[in-house]
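As stored in my_file-v3.txt (compact mmCIF, C-alpha atoms):
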```
# COMPACT_ATOMS: atom_id res chain seq x y z
CA MET E 1 -46.76 201.02 205.68
CA PRO E 2 -48.38 199.52 202.53
CA VAL E 3 -48.31 202.62 200.30
CA ASP E 4 -44.87 202.48 198.70
CA GLN E 5 -44.38 203.92 195.22
CA ASN E 6 -41.62 201.37 194.56
CA ALA E 7 -43.83 198.34 195.26
CA PRO E 8 -44.30 195.85 192.39
CA LEU E 9 -48.09 195.86 192.91
CA ARG E 10 -49.72 199.01 191.58
CA ILE E 11 -53.37 200.00 192.09
CA THR E 12 -55.18 202.63 190.02
CA ALA E 13 -57.27 205.24 191.84
CA PHE E 14 -58.78 208.65 191.07
CA ASP E 15 -57.09 211.89 192.08
CA TRP E 16 -60.43 213.59 192.70
CA VAL E 17 -64.08 212.54 193.05
CA PRO E 18 -67.15 214.45 194.31
CA ASP E 19 -67.63 214.52 198.08
CA PHE E 20 -70.36 211.87 198.19
CA ALA E 21 -68.04 209.31 196.61
CA ARG E 22 -64.99 209.96 198.78
CA GLY E 23 -64.16 206.91 200.85
CA HIS E 24 -66.42 204.74 198.68
CA VAL E 25 -64.44 204.32 195.44
CA ARG E 26 -63.67 200.66 194.87
CA ASP E 27 -59.88 200.91 195.04
CA LEU E 28 -60.66 200.92 198.78
CA ARG E 29 -61.10 197.14 198.52
CA PRO E 30 -57.62 196.13 197.27
CA ARG E 31 -56.07 198.81 199.50
CA TRP E 32 -57.82 197.19 202.48
CA ALA E 33 -56.67 193.71 201.44
CA CYS E 34 -53.07 194.93 201.16
CA GLU E 35 -53.27 196.59 204.59
CA GLU E 36 -54.55 193.38 206.19
CA ILE E 37 -51.42 191.48 205.20
CA GLY E 38 -48.91 194.33 205.16
CA LEU E 39 -48.42 194.04 201.40
CA PRO E 40 -46.87 197.22 199.97
CA TYR E 41 -48.61 198.76 196.98
CA ALA E 42 -47.99 201.71 194.72
CA THR E 43 -50.76 203.92 193.36
CA ARG E 44 -51.35 205.26 189.88
CA LEU E 45 -53.70 208.20 190.04
CA LEU E 46 -56.04 208.99 187.17
CA SER E 47 -58.34 211.89 186.41
CA VAL E 48 -61.99 210.90 186.67
CA THR E 49 -62.98 213.89 184.54
CA ASP E 50 -60.41 213.20 181.83
CA ARG E 51 -59.50 209.53 181.72
CA PRO E 52 -56.67 208.64 179.35
CA ALA E 53 -58.17 206.99 176.24
CA ASP E 54 -55.78 204.04 176.47
CA TYR E 55 -56.97 203.24 180.00
CA TYR E 56 -60.06 201.62 178.47
CA ALA E 57 -57.79 198.91 177.12
CA GLU E 58 -56.97 198.04 180.72
CA GLN E 59 -60.47 198.51 182.16
CA PRO E 60 -63.38 198.23 179.72
CA TRP E 61 -65.46 200.91 181.53
CA GLY E 62 -62.63 203.24 182.51
CA GLN E 63 -63.23 202.50 186.17
CA VAL E 64 -60.83 201.98 189.04
CA PRO E 65 -59.27 199.85 190.36
CA VAL E 66 -57.02 197.98 188.01
CA ILE E 67 -53.90 196.33 189.38
CA GLU E 68 -50.63 195.69 187.62
CA GLU E 69 -47.99 193.37 189.02
CA ASP E 70 -45.01 191.99 187.13
CA GLY E 71 -46.70 192.36 183.73
CA LEU E 72 -50.00 190.96 184.98
CA GLY E 73 -53.11 193.13 184.71
CA VAL E 74 -56.29 192.40 186.66
CA PHE E 75 -59.52 194.40 186.52
CA GLU E 76 -62.81 194.22 188.45
CA SER E 77 -62.28 194.58 192.18
CA GLY E 78 -63.68 191.09 192.84
CA ALA E 79 -61.02 189.52 190.64
CA ILE E 80 -58.37 191.73 192.26
CA LEU E 81 -59.48 190.63 195.74
CA LEU E 82 -59.14 187.02 194.62
CA HIS E 83 -55.65 187.68 193.24
CA ILE E 84 -54.47 189.36 196.45
CA GLY E 85 -56.33 186.83 198.62
CA GLU E 86 -54.46 183.95 197.03
CA LYS E 87 -51.22 185.41 198.38
CA ASP E 88 -52.11 184.98 202.07
CA GLU E 89 -54.36 182.69 204.09
CA ARG E 90 -55.33 185.58 206.35
CA LEU E 91 -57.43 186.70 203.39
CA LEU E 92 -58.44 183.39 201.82
CA PRO E 93 -58.21 179.88 203.34
CA ARG E 94 -55.79 177.54 201.59
CA ASP E 95 -57.90 174.38 201.94
CA HIS E 96 -60.28 173.97 199.01
CA LYS E 97 -63.45 173.74 201.09
CA GLY E 98 -62.70 176.87 203.11
CA ARG E 99 -61.53 178.66 200.00
CA MET E 100 -64.71 177.90 198.06
CA ARG E 101 -66.82 178.95 201.06
CA ALA E 102 -65.11 182.35 200.97
CA VAL E 103 -65.35 182.56 197.16
CA SER E 104 -69.10 181.76 197.34
CA TRP E 105 -69.55 184.67 199.74
CA LEU E 106 -67.32 186.89 197.59
CA PHE E 107 -69.63 186.35 194.62
CA ALA E 108 -72.65 186.78 196.91
CA ALA E 109 -71.43 190.27 197.80
CA TYR E 110 -70.88 191.18 194.14
CA SER E 111 -73.85 189.42 192.53
CA SER E 112 -76.57 189.26 195.14
CA ILE E 113 -76.13 192.31 197.37
CA GLU E 114 -74.17 195.00 195.53
CA PRO E 115 -76.50 195.27 192.49
CA MET E 116 -79.33 196.15 194.88
CA THR E 117 -77.20 198.76 196.63
CA MET E 118 -76.21 200.24 193.28
CA GLU E 119 -79.88 200.50 192.34
CA LEU E 120 -80.51 202.26 195.66
CA ALA E 121 -77.67 204.67 194.88
CA THR E 122 -79.25 205.39 191.48
CA VAL E 123 -82.57 206.15 193.16
CA ASP E 124 -81.19 208.11 196.12
CA ILE E 125 -78.23 209.92 194.55
CA PHE E 126 -77.91 209.90 190.77
CA CYS E 127 -81.62 210.22 189.91
CA ALA E 128 -82.89 211.54 193.25
CA GLY E 129 -85.04 214.31 191.73
CA GLU E 130 -86.70 212.13 189.10
CA GLU E 131 -90.30 211.03 189.31
CA TRP E 132 -89.53 207.37 188.55
CA ALA E 133 -87.03 207.27 191.41
CA LYS E 134 -89.64 208.48 193.90
CA LEU E 135 -92.13 205.90 192.66
CA ARG E 136 -89.56 203.12 192.63
CA ARG E 137 -88.06 203.73 196.08
CA PRO E 138 -90.60 201.97 198.36
CA GLY E 139 -90.61 198.71 196.38
CA LEU E 140 -86.85 198.71 196.05
CA LEU E 141 -86.39 199.25 199.79
CA ALA E 142 -88.80 196.40 200.50
CA ASP E 143 -86.94 194.02 198.15
CA ALA E 144 -83.58 195.08 199.54
CA GLY E 145 -84.85 194.59 203.08
CA GLN E 146 -85.92 191.03 202.34
CA ARG E 147 -82.55 190.24 200.82
CA LEU E 148 -80.77 191.72 203.84
CA ASP E 149 -82.98 189.71 206.20
CA ARG E 150 -81.75 186.57 204.50
CA LEU E 151 -78.17 187.78 204.66
CA GLU E 152 -78.54 188.42 208.39
CA ALA E 153 -80.02 184.95 208.92
CA ALA E 154 -77.18 183.36 206.92
CA LEU E 155 -74.53 185.25 208.90
CA GLY E 156 -76.12 183.96 212.10
CA GLU E 157 -73.89 184.29 215.14
CA ARG E 158 -70.65 184.28 213.19
CA ASP E 159 -68.30 187.24 213.15
CA TRP E 160 -67.37 186.80 209.50
CA LEU E 161 -69.15 185.33 206.49
CA ALA E 162 -66.87 182.38 205.78
CA GLY E 163 -65.75 181.61 209.34
CA SER E 164 -62.50 183.52 209.60
CA PHE E 165 -62.10 187.00 208.13
CA SER E 166 -61.62 186.89 204.35
CA ILE E 167 -61.82 188.83 201.11
CA ALA E 168 -65.57 188.11 201.17
CA ASP E 169 -65.86 190.38 204.21
CA ILE E 170 -63.86 193.13 202.50
CA ALA E 171 -66.39 193.00 199.68
CA MET E 172 -69.52 192.67 201.83
CA VAL E 173 -68.55 195.30 204.42
CA THR E 174 -67.74 197.87 201.74
CA VAL E 175 -71.06 197.05 200.03
CA LEU E 176 -73.04 197.39 203.27
CA ARG E 177 -71.40 200.74 204.03
CA GLY E 178 -73.17 201.95 200.90
CA VAL E 179 -76.65 201.10 202.21
CA ALA E 180 -76.16 202.38 205.76
CA ALA E 181 -77.49 205.84 204.83
CA SER E 182 -80.78 204.29 203.64
CA GLY E 183 -81.60 203.21 207.21
CA LEU E 184 -81.88 199.57 206.08
CA LEU E 185 -79.45 198.33 208.71
CA GLU E 186 -81.18 199.99 211.67
CA ARG E 187 -83.61 197.17 212.27
CA ARG E 188 -81.01 194.54 211.43
CA PRO E 189 -78.69 194.68 214.46
CA ARG E 190 -76.52 191.70 213.54
CA LEU E 191 -75.77 193.18 210.13
CA ALA E 192 -75.15 196.59 211.69
CA ALA E 193 -72.75 194.96 214.17
CA TYR E 194 -71.04 193.08 211.31
CA LEU E 195 -70.51 196.35 209.46
CA GLU E 196 -69.15 197.99 212.64
CA ARG E 197 -66.81 195.03 213.21
CA GLY E 198 -65.49 195.38 209.68
CA ILE E 199 -64.84 199.08 209.71
CA ALA E 200 -63.26 198.85 213.18
CA ARG E 201 -60.36 196.86 211.74
CA PRO E 202 -57.15 198.93 211.66
CA ALA E 203 -56.52 197.82 208.06
CA PHE E 204 -59.84 199.33 206.97
CA ALA E 205 -59.01 202.63 208.66
CA ALA E 206 -55.57 202.69 207.02
CA ALA E 207 -57.05 201.96 203.59
CA LEU E 208 -59.71 204.64 203.98
CA HIS E 209 -57.12 207.17 205.08
CA ALA E 210 -54.91 206.29 202.11
CA GLN E 211 -57.77 206.72 199.61
CA LEU E 212 -58.85 210.04 201.11
CA SER E 213 -55.26 211.28 201.15
CA ASP E 214 -54.98 210.82 197.39
CA PHE E 215 -57.87 213.18 196.58
CA GLN E 216 -57.15 216.74 195.55
CA PRO E 217 -59.58 219.45 196.72
CA GLU E 218 -60.59 220.28 193.12
CA PRO E 219 -60.52 218.31 189.84
CA VAL E 220 -57.00 218.33 188.43
CA ALA E 221 -56.63 219.78 184.94
CA ALA E 222 -55.30 217.25 182.44
CA MET Y 1 -73.61 162.26 178.49
CA PRO Y 2 -73.02 164.57 181.50
CA VAL Y 3 -76.35 164.03 183.30
CA ASP Y 4 -75.73 160.97 185.46
CA GLN Y 5 -77.58 160.62 188.74
CA ASN Y 6 -74.63 158.68 190.18
CA ALA Y 7 -72.09 161.44 189.52
CA PRO Y 8 -70.28 162.86 192.57
CA LEU Y 9 -71.04 166.45 191.44
CA ARG Y 10 -74.66 167.41 192.05
CA ILE Y 11 -76.32 170.61 190.82
CA THR Y 12 -79.60 171.98 192.19
CA ALA Y 13 -82.27 173.12 189.73
CA PHE Y 14 -86.01 173.84 189.79
CA ASP Y 15 -88.59 171.29 188.65
CA TRP Y 16 -90.85 174.01 187.29
CA VAL Y 17 -90.58 177.73 186.48
CA PRO Y 18 -92.90 180.05 184.50
CA ASP Y 19 -92.45 180.00 180.73
CA PHE Y 20 -90.48 183.27 180.51
CA ALA Y 21 -87.76 181.85 182.79
CA ARG Y 22 -87.37 178.48 181.05
CA GLY Y 23 -83.91 178.15 179.57
CA HIS Y 24 -82.69 181.13 181.61
CA VAL Y 25 -82.38 179.75 185.15
CA ARG Y 26 -78.79 179.99 186.31
CA ASP Y 27 -78.16 176.25 186.74
CA LEU Y 28 -77.72 176.51 182.95
CA ARG Y 29 -74.23 177.89 183.61
CA PRO Y 30 -72.69 174.98 185.55
CA ARG Y 31 -74.55 172.53 183.28
CA TRP Y 32 -72.88 174.21 180.29
CA ALA Y 33 -69.46 174.10 181.96
CA CYS Y 34 -69.87 170.37 182.65
CA GLU Y 35 -70.95 169.72 179.07
CA GLU Y 36 -67.89 171.53 177.70
CA ILE Y 37 -65.53 169.11 179.44
CA GLY Y 38 -67.74 166.00 179.52
CA LEU Y 39 -67.94 166.08 183.32
CA PRO Y 40 -70.89 164.02 184.55
CA TYR Y 41 -73.26 165.71 186.98
CA ALA Y 42 -76.34 164.69 188.92
CA THR Y 43 -79.30 166.98 189.49
CA ARG Y 44 -81.30 167.66 192.63
CA LEU Y 45 -84.61 169.20 191.68
CA LEU Y 46 -86.36 171.62 194.01
CA SER Y 47 -89.80 173.22 194.00
CA VAL Y 48 -89.60 176.94 193.27
CA THR Y 49 -93.04 177.44 194.80
CA ASP Y 50 -92.25 175.50 197.97
CA ARG Y 51 -88.55 175.53 198.68
CA PRO Y 52 -87.47 173.32 201.59
CA ALA Y 53 -86.74 175.56 204.61
CA ASP Y 54 -83.34 173.96 205.16
CA TYR Y 55 -82.23 174.85 201.62
CA TYR Y 56 -81.63 178.43 202.80
CA ALA Y 57 -78.73 177.06 204.88
CA GLU Y 58 -77.12 176.03 201.58
CA GLN Y 59 -78.12 179.08 199.55
CA PRO Y 60 -78.89 182.25 201.49
CA TRP Y 61 -81.62 183.35 199.05
CA GLY Y 62 -83.07 179.95 198.24
CA GLN Y 63 -81.90 180.24 194.65
CA VAL Y 64 -80.39 177.69 192.31
CA PRO Y 65 -77.77 176.54 191.55
CA VAL Y 66 -75.86 175.14 194.46
CA ILE Y 67 -73.37 172.36 193.85
CA GLU Y 68 -72.32 169.62 196.20
CA GLU Y 69 -69.27 167.46 195.59
CA ASP Y 70 -67.60 165.18 198.11
CA GLY Y 71 -68.89 167.15 201.09
CA LEU Y 72 -68.06 170.50 199.51
CA GLY Y 73 -70.88 172.99 198.98
CA VAL Y 74 -70.56 175.97 196.63
CA PHE Y 75 -73.23 178.60 195.98
CA GLU Y 76 -73.46 181.56 193.58
CA SER Y 77 -73.08 180.48 189.96
CA GLY Y 78 -69.91 182.60 189.54
CA ALA Y 79 -68.19 180.70 192.34
CA ILE Y 80 -69.46 177.41 190.91
CA LEU Y 81 -68.06 178.28 187.46
CA LEU Y 82 -64.71 178.99 189.09
CA HIS Y 83 -64.81 175.65 190.93
CA ILE Y 84 -65.62 173.70 187.77
CA GLY Y 85 -63.25 175.82 185.68
CA GLU Y 86 -60.32 174.92 187.91
CA LYS Y 87 -60.79 171.29 186.92
CA ASP Y 88 -59.96 171.77 183.24
CA GLU Y 89 -57.92 174.22 181.20
CA ARG Y 90 -60.53 174.15 178.44
CA LEU Y 91 -62.56 176.29 180.85
CA LEU Y 92 -59.87 178.26 182.64
CA PRO Y 93 -56.21 178.70 181.66
CA ARG Y 94 -53.71 177.19 184.08
CA ASP Y 95 -51.09 179.93 183.79
CA HIS Y 96 -51.69 182.69 186.30
CA LYS Y 97 -51.81 185.51 183.79
CA GLY Y 98 -54.33 183.78 181.53
CA ARG Y 99 -56.32 182.62 184.52
CA MET Y 100 -56.60 186.11 185.98
CA ARG Y 101 -57.59 187.50 182.58
CA ALA Y 102 -60.50 185.04 182.50
CA VAL Y 103 -61.37 185.71 186.15
CA SER Y 104 -61.41 189.48 185.46
CA TRP Y 105 -63.92 188.90 182.67
CA LEU Y 106 -65.91 186.49 184.83
CA PHE Y 107 -66.38 189.23 187.42
CA ALA Y 108 -67.08 191.72 184.64
CA ALA Y 109 -70.04 189.59 183.52
CA TYR Y 110 -71.39 189.32 187.06
CA SER Y 111 -70.61 192.80 188.40
CA SER Y 112 -70.63 195.12 185.41
CA ILE Y 113 -73.10 193.65 182.90
CA GLU Y 114 -75.56 191.36 184.66
CA PRO Y 115 -76.82 193.92 187.23
CA MET Y 116 -77.90 196.12 184.31
CA THR Y 117 -79.65 193.21 182.61
CA MET Y 118 -81.42 192.34 185.85
CA GLU Y 119 -82.62 195.93 186.13
CA LEU Y 120 -83.92 195.68 182.56
CA ALA Y 121 -85.74 192.46 183.47
CA THR Y 122 -87.33 194.24 186.43
CA VAL Y 123 -88.52 197.04 184.14
CA ASP Y 124 -89.62 194.85 181.22
CA ILE Y 125 -90.96 191.78 183.00
CA PHE Y 126 -91.49 191.95 186.75
CA CYS Y 127 -92.76 195.56 186.96
CA ALA Y 128 -93.76 196.03 183.32
CA GLY Y 129 -97.14 197.61 184.09
CA GLU Y 130 -95.86 200.07 186.66
CA GLU Y 131 -95.57 203.78 186.02
CA TRP Y 132 -92.03 204.02 187.36
CA ALA Y 133 -90.89 201.28 184.98
CA LYS Y 134 -92.22 203.17 181.96
CA LEU Y 135 -90.48 206.35 183.08
CA ARG Y 136 -87.24 204.54 183.91
CA ARG Y 137 -86.93 202.53 180.72
CA PRO Y 138 -85.41 205.09 178.28
CA GLY Y 139 -82.63 206.15 180.65
CA LEU Y 140 -81.84 202.58 181.60
CA LEU Y 141 -81.64 201.52 177.94
CA ALA Y 142 -79.31 204.43 177.22
CA ASP Y 143 -77.01 203.53 180.14
CA ALA Y 144 -77.06 199.86 179.20
CA GLY Y 145 -76.29 200.73 175.57
CA GLN Y 146 -73.22 202.74 176.58
CA ARG Y 147 -71.97 199.89 178.73
CA LEU Y 148 -72.50 197.42 175.87
CA ASP Y 149 -70.66 199.74 173.46
CA ARG Y 150 -67.65 199.54 175.76
CA LEU Y 151 -68.00 195.78 176.01
CA GLU Y 152 -68.09 195.51 172.23
CA ALA Y 153 -64.98 197.69 171.93
CA ALA Y 154 -63.16 195.61 174.56
CA LEU Y 155 -64.05 192.36 172.81
CA GLY Y 156 -62.63 193.78 169.60
CA GLU Y 157 -61.93 191.16 166.95
CA ARG Y 158 -61.53 188.31 169.41
CA ASP Y 159 -63.87 185.33 169.43
CA TRP Y 160 -63.85 185.02 173.22
CA LEU Y 161 -63.34 187.47 176.05
CA ALA Y 162 -60.12 186.09 177.50
CA GLY Y 163 -58.52 184.75 174.31
CA SER Y 164 -59.60 181.13 174.35
CA PHE Y 165 -63.10 180.08 175.39
CA SER Y 166 -63.52 180.14 179.19
CA ILE Y 167 -65.97 180.28 182.07
CA ALA Y 168 -66.08 184.04 181.48
CA ASP Y 169 -67.83 183.38 178.17
CA ILE Y 170 -70.32 181.01 179.80
CA ALA Y 171 -71.22 183.84 182.17
CA MET Y 172 -71.25 186.64 179.59
CA VAL Y 173 -73.13 184.74 176.87
CA THR Y 174 -75.86 183.69 179.29
CA VAL Y 175 -76.09 187.29 180.51
CA LEU Y 176 -76.32 188.68 176.98
CA ARG Y 177 -79.05 186.19 176.07
CA GLY Y 178 -81.12 188.02 178.67
CA VAL Y 179 -80.86 191.38 176.92
CA ALA Y 180 -81.39 190.15 173.39
CA ALA Y 181 -85.16 190.71 173.64
CA SER Y 182 -84.61 194.39 174.45
CA GLY Y 183 -83.15 194.97 170.99
CA LEU Y 184 -79.91 196.28 172.50
CA LEU Y 185 -77.74 193.91 170.48
CA GLU Y 186 -79.24 194.78 167.09
CA ARG Y 187 -76.95 197.75 166.47
CA ARG Y 188 -73.99 196.00 168.05
CA PRO Y 189 -73.11 193.34 165.48
CA ARG Y 190 -69.93 192.10 167.11
CA LEU Y 191 -71.75 191.46 170.39
CA ALA Y 192 -74.62 189.83 168.53
CA ALA Y 193 -72.12 187.60 166.70
CA TYR Y 194 -70.40 186.78 170.01
CA LEU Y 195 -73.74 185.71 171.48
CA GLU Y 196 -74.48 183.59 168.40
CA ARG Y 197 -71.03 181.99 168.61
CA GLY Y 198 -71.66 181.09 172.25
CA ILE Y 199 -75.07 179.55 171.82
CA ALA Y 200 -73.90 177.65 168.72
CA ARG Y 201 -71.60 175.53 170.88
CA PRO Y 202 -72.89 171.96 171.21
CA ALA Y 203 -72.28 172.09 174.96
CA PHE Y 204 -74.64 175.05 175.28
CA ALA Y 205 -77.36 173.22 173.35
CA ALA Y 206 -76.93 170.12 175.51
CA ALA Y 207 -77.12 172.17 178.73
CA LEU Y 208 -80.22 174.02 177.54
CA HIS Y 209 -81.89 170.76 176.57
CA ALA Y 210 -81.06 169.26 179.97
CA GLN Y 211 -82.52 172.21 181.86
CA LEU Y 212 -85.69 172.25 179.78
CA SER Y 213 -86.09 168.49 180.17
CA ASP Y 214 -86.21 168.82 183.95
CA PHE Y 215 -89.25 171.12 183.97
CA GLN Y 216 -92.68 169.69 184.64
CA PRO Y 217 -95.62 171.25 182.74
CA GLU Y 218 -97.24 172.45 185.99
CA PRO Y 219 -95.86 173.30 189.45
CA VAL Y 220 -95.32 170.10 191.42
CA ALA Y 221 -97.20 169.86 194.71
CA ALA Y 222 -94.86 169.48 197.68
```
So, in terms of structure tokens, how does the structure I just supplied come out?
Amino acid sequence: MPVDQNAPLRITAFDWVPDFARGHVRDLRPRWACEEIGLPYATRLLSVTDRPADYYAEQPWGQVPVIEEDGLGVFESGAILLHIGEKDERLLPRDHKGRMRAVSWLFAAYSSIEPMTMELATVDIFCAGEEWAKLRRPGLLADAGQRLDRLEAALGERDWLAGSFSIADIAMVTVLRGVAASGLLERRPRLAAYLERGIARPAFAAALHAQLSDFQPEPVAA
Amino acid sequence: MPVDQNAPLRITAFDWVPDFARGHVRDLRPRWACEEIGLPYATRLLSVTDRPADYYAEQPWGQVPVIEEDGLGVFESGAILLHIGEKDERLLPRDHKGRMRAVSWLFAAYSSIEPMTMELATVDIFCAGEEWAKLRRPGLLADAGQRLDRLEAALGERDWLAGSFSIADIAMVTVLRGVAASGLLERRPRLAAYLERGIARPAFAAALHAQLSDFQPEPVAA
């Protein structure tokens, strides 16, 4: 059972977030990686409404996750996935060619797909009532659709982006979960199947359960 | 002189781009990394207006750069910077703690700063005449400004993000160059000085010159 408050690896997470964000906060990614390899981790829960001022020294934007392990601090979930991935070849191939294939796809998830999904979230959630968001939506969906068509073509008949399952899939599956509500995956059956394959993994379910279990029903007073 | 058409490392670049993109195409990043350590590289120039269909098998979105080296292919400039960085501690510390510090900042440039600068480019360049872009601009500038304030605070009095100069600075400096025109750095003197420090490096100037030298005056017919 990976959650173990005595584990040397500690992941920061929030103790409450609004409903729409539950199950989508990025500490899900390192939790999932730990679950895949049975690596115990502790949690350090923070208030999203009242972040400790000194936390910004650990994470420039006050976001989660950050990990700490034996005096090492790593921020940005992509960097954290790389750190955990390097512990176990079930997450990242050991041979340089396979490793760089997975790292290419890891950056693809973060640089080429997620920014588009974040823009969609801005339009559909954070600025949903604003005039610009209504005007922007059709063009953004069209651009995102083209990008996803290319992603689907690049995935081809493979189950996972870099051959075997890797940290790149943890990143890409969690990113694609964020666009599912937009309907963009409905006419892209191979991407939809890829997403289903990812979230069907027991380690994903365990990580999701662990994140959800850490949320309080209401914001916690500082 | 790093450009050497017989070098085992080959970087893809475009043989023509519109004026506004000259000096900003992302092959600048691996070129800069190679220049920092005197690593020779060859170029493989592609037409941006008529990309070879089989190039999408190397780069899912038909973008540059891709690198090839001894049968290894790496795409996404962040992954390429990591690959080149691992060759030389002048680009990436060898000790795990220092390395992960630089990798955290590398992902910060790609995941937390660049998406915002790309959104600004969409508003100010690609969709400049559109109504939604005019309505979106003030809020986007405010959000971007807050993010840059945090970046400036995190940089503090240091010259470089991760202590010594690293691939993280190659990423962040090239990202910040893209927002300079928006005026966002004018009231952030430490970030402006950081950008100046980056582009004052001889290796940056050599990389910029090399990219610009590869552009033809007009698009090349296929």
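Closest to Gly198 of chain Y among Y:Asp214, Y:His83, Y:Thr174, Y:Leu185 is Y:Thr174, based on only C-alpha atoms.
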Next item on the list: Counting only C-alpha atoms, select every polymer residue within 10 Å of (-59.4, 174.9, 179.8) as defined in the file's coordinates, and provide the selection as a PyMOL selection string.
Entry: chain Y and resi 36-37+85-94+99+164-167
Against chain Y, which residues of chain E fall within 9 Å? For each one I want the closest pair of atoms and the distance in Å (one decimal), counting all atoms listed in the file, rows by chain and increasing residue number, as CSV.
```
residue,atom,partner,partner_atom,distance
E:Tyr56,CA,Y:Ala154,CA,7.8
E:Ala57,CA,Y:Ala154,CA,6.8
E:Gln59,CA,Y:Ala154,CA,8.6
E:Pro60,CA,Y:Ala154,CA,5.8
E:Trp61,CA,Y:Arg150,CA,6.3
E:Gly71,CA,Y:Lys97,CA,8.5
E:Leu72,CA,Y:Lys97,CA,5.9
E:Gly73,CA,Y:Arg101,CA,7.5
E:Val74,CA,Y:Ser104,CA,6.0
E:Phe75,CA,Y:Ser104,CA,5.4
E:Glu76,CA,Y:Ser104,CA,5.8
E:Ser77,CA,Y:Phe107,CA,8.3
E:Gly78,CA,Y:Phe107,CA,6.3
E:Ala79,CA,Y:Ser104,CA,5.2
E:Ile80,CA,Y:Ser104,CA,7.8
E:Leu82,CA,Y:Val103,CA,8.9
E:His83,CA,Y:Met100,CA,7.5
E:His96,CA,Y:Leu72,CA,8.5
E:Lys97,CA,Y:Leu72,CA,5.9
E:Met100,CA,Y:Val74,CA,6.3
E:Arg101,CA,Y:Val74,CA,6.5
E:Val103,CA,Y:Ala79,CA,5.9
E:Ser104,CA,Y:Ala79,CA,5.2
E:Trp105,CA,Y:Glu76,CA,7.9
E:Leu106,CA,Y:Ala79,CA,8.2
E:Phe107,CA,Y:Glu76,CA,6.2
E:Ala108,CA,Y:Glu76,CA,6.2
E:Tyr110,CA,Y:Ser111,CA,6.0
E:Ser111,CA,Y:Tyr110,CA,6.0
E:Ser112,CA,Y:Glu76,CA,8.4
E:Glu114,CA,Y:Ser111,CA,8.3
E:Pro115,CA,Y:Pro115,CA,5.4
E:Met116,CA,Y:Pro115,CA,8.4
E:Met118,CA,Y:Pro115,CA,8.8
E:Glu119,CA,Y:Glu119,CA,8.2
E:Glu131,CA,Y:Trp132,CA,7.5
E:Trp132,CA,Y:Trp132,CA,4.3
E:Ala133,CA,Y:Trp132,CA,7.2
E:Lys134,CA,Y:Trp132,CA,8.3
E:Leu135,CA,Y:Trp132,CA,5.6
E:Arg136,CA,Y:Trp132,CA,5.9
E:Arg147,CA,Y:Trp61,CA,7.2
E:Arg150,CA,Y:Pro60,CA,6.0
E:Leu151,CA,Y:Pro60,CA,6.4
E:Ala153,CA,Y:Pro60,CA,8.0
E:Ala154,CA,Y:Pro60,CA,5.8
```
Next item on the list: List every protein, DNA or RNA residue that has an atom no more than 6 Å from (-58.3, 196.4, 194.8) in the file's coordinate frame, counting all atoms listed in the file, and report them as a ChimeraX atom specification.
Entry: /E:27,29-31,65,77,80-81
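Between atom CA of Ala207 of chain Y and atom CA of Gly163 of chain Y lies a distance of 22.9 Å.
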Note to self: My list of candidates is E:Asp4, E:Leu28, E:Pro40, E:Ile11. Which is closest to Gln211 of chain E when distances are computed with only C-alpha atoms?
What the structure shows: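 Closest candidate: E:Leu28.
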Check: Which is closer to Phe20 of chain E than all the others in E:Phe126, E:Tyr55, E:Tyr41, E:Tyr194, using only C-alpha atoms?
Finding: E:Phe126
Excluding Leu120 of chain E and residues on its chain fewer than 4 positions from it, collect all residues at most 9 Å away from it, counting only C-alpha atoms, and give them as a PDB file with C-alpha atoms, in the coordinates of the input.
```
ATOM      1  CA  PRO E 115     -76.500 195.270 192.490  1.00  0.00           C
ATOM      2  CA  MET E 116     -79.330 196.150 194.880  1.00  0.00           C
ATOM      3  CA  ASP E 124     -81.190 208.110 196.120  1.00  0.00           C
ATOM      4  CA  ILE E 125     -78.230 209.920 194.550  1.00  0.00           C
ATOM      5  CA  ARG E 137     -88.060 203.730 196.080  1.00  0.00           C
ATOM      6  CA  LEU E 140     -86.850 198.710 196.050  1.00  0.00           C
ATOM      7  CA  LEU E 141     -86.390 199.250 199.790  1.00  0.00           C
ATOM      8  CA  ALA E 144     -83.580 195.080 199.540  1.00  0.00           C
ATOM      9  CA  VAL E 179     -76.650 201.100 202.210  1.00  0.00           C
ATOM     10  CA  SER E 182     -80.780 204.290 203.640  1.00  0.00           C
TER      11      SER E 182
END
```
